[in-house]
Amino acid sequence: MDDELLNELVAALDELEKDEEVNVLIITGAGRAFSAGRDAKAILGGVEWPGGPRFKKLEEFSKPVIAAVNGYCFTGALELIMCADIIIASEDAVFGDTHTRFGMVPSGGQTQRLPGKLASRRPRNCFSPAIQFPPPRRNASGW
């Protein structure tokens, strides 16, 4: 997810907000992954900016937002899906937070959203903690 994609997301949200025929928004990835997240090198190099304010636009969207997660969902993508109202994970979904691998602090709202999301999502089995939880481990731990 680069700045261009996030800016396109914000523009699309503005359009969809006005569209009375749109009742729900479903976001998902294409192919074998939801998203590996943001480009850490570009952010650390000052070429791109953290996604936080743009993620908030998704969180404030007036219509229900469903994140349908397939495959890998890491770091910035994890922060993005936490803005959804409902998170549905496929059997092969793997969640992870790699901020510390790059010496970064989560700035997309993850540290504020995660505690509340875990409490409300765990009983419905549709979210995993921000460490890597592939399907066998996720299922064994009750997620």
# chains A, B, ... in the order shown; residues from 1 in each chain; ligands from 1

$ residues_around --residues "Glu17 (chain A)" --least-positions-apart "6" --cutoff "12 Å" --atoms "only C-alpha atoms" --output "JSON, numbers by chain"
{"A": [9, 10, 11, 23, 24, 25, 57, 58, 60, 61, 62, 63, 64, 65]}

$ atom_distance --atom1 "CA of Thr98 (chain A)" --atom2 "CA of Leu13 (chain A)"
27.2 Å

$ residues_around --residues "Ala30 (chain A)" --least-positions-apart "4" --cutoff "10 Å" --atoms "only C-alpha atoms" --output "PyMOL selection string"
chain A and resi 34-35+69-71

$ residues_around --residues "Tyr72 (chain A)" --least-positions-apart "3" --cutoff "8 Å" --atoms "only C-alpha atoms" --output "MDAnalysis selection string"
chainID A and resid 32:36 69 93:96

$ closest_residue --among "A:Glu79, A:Ala89, A:Gly31, A:Gly37" --to "Leu5 (chain A)" --atoms "only C-alpha atoms"
A:Gly37

$ residues_around --residues "Ile66 (chain A)" --least-positions-apart "6" --cutoff "9 Å" --atoms "only C-alpha atoms" --output "list in words"
Val24, Leu25, Ile26, Ile27, Thr28, Ile81, Ala84, Asp85, Ile86, Ile87 and Ile88 of chain A

$ atom_distance --atom1 "CA of Glu4 (chain A)" --atom2 "CA of Val22 (chain A)"
23.6 Å

$ closest_residue --among "A:Thr75, A:Glu15, A:Asp3, A:Phe55" --to "Asp97 (chain A)" --atoms "only C-alpha atoms"
A:Thr75

$ closest_residue --among "A:Asp92, A:Met82, A:Asp14, A:Leu6" --to "Glu59 (chain A)" --atoms "only C-alpha atoms"
A:Met82

$ atom_distance --atom1 "CA of Gly76 (chain A)" --atom2 "CA of Asn7 (chain A)"
14.4 Å
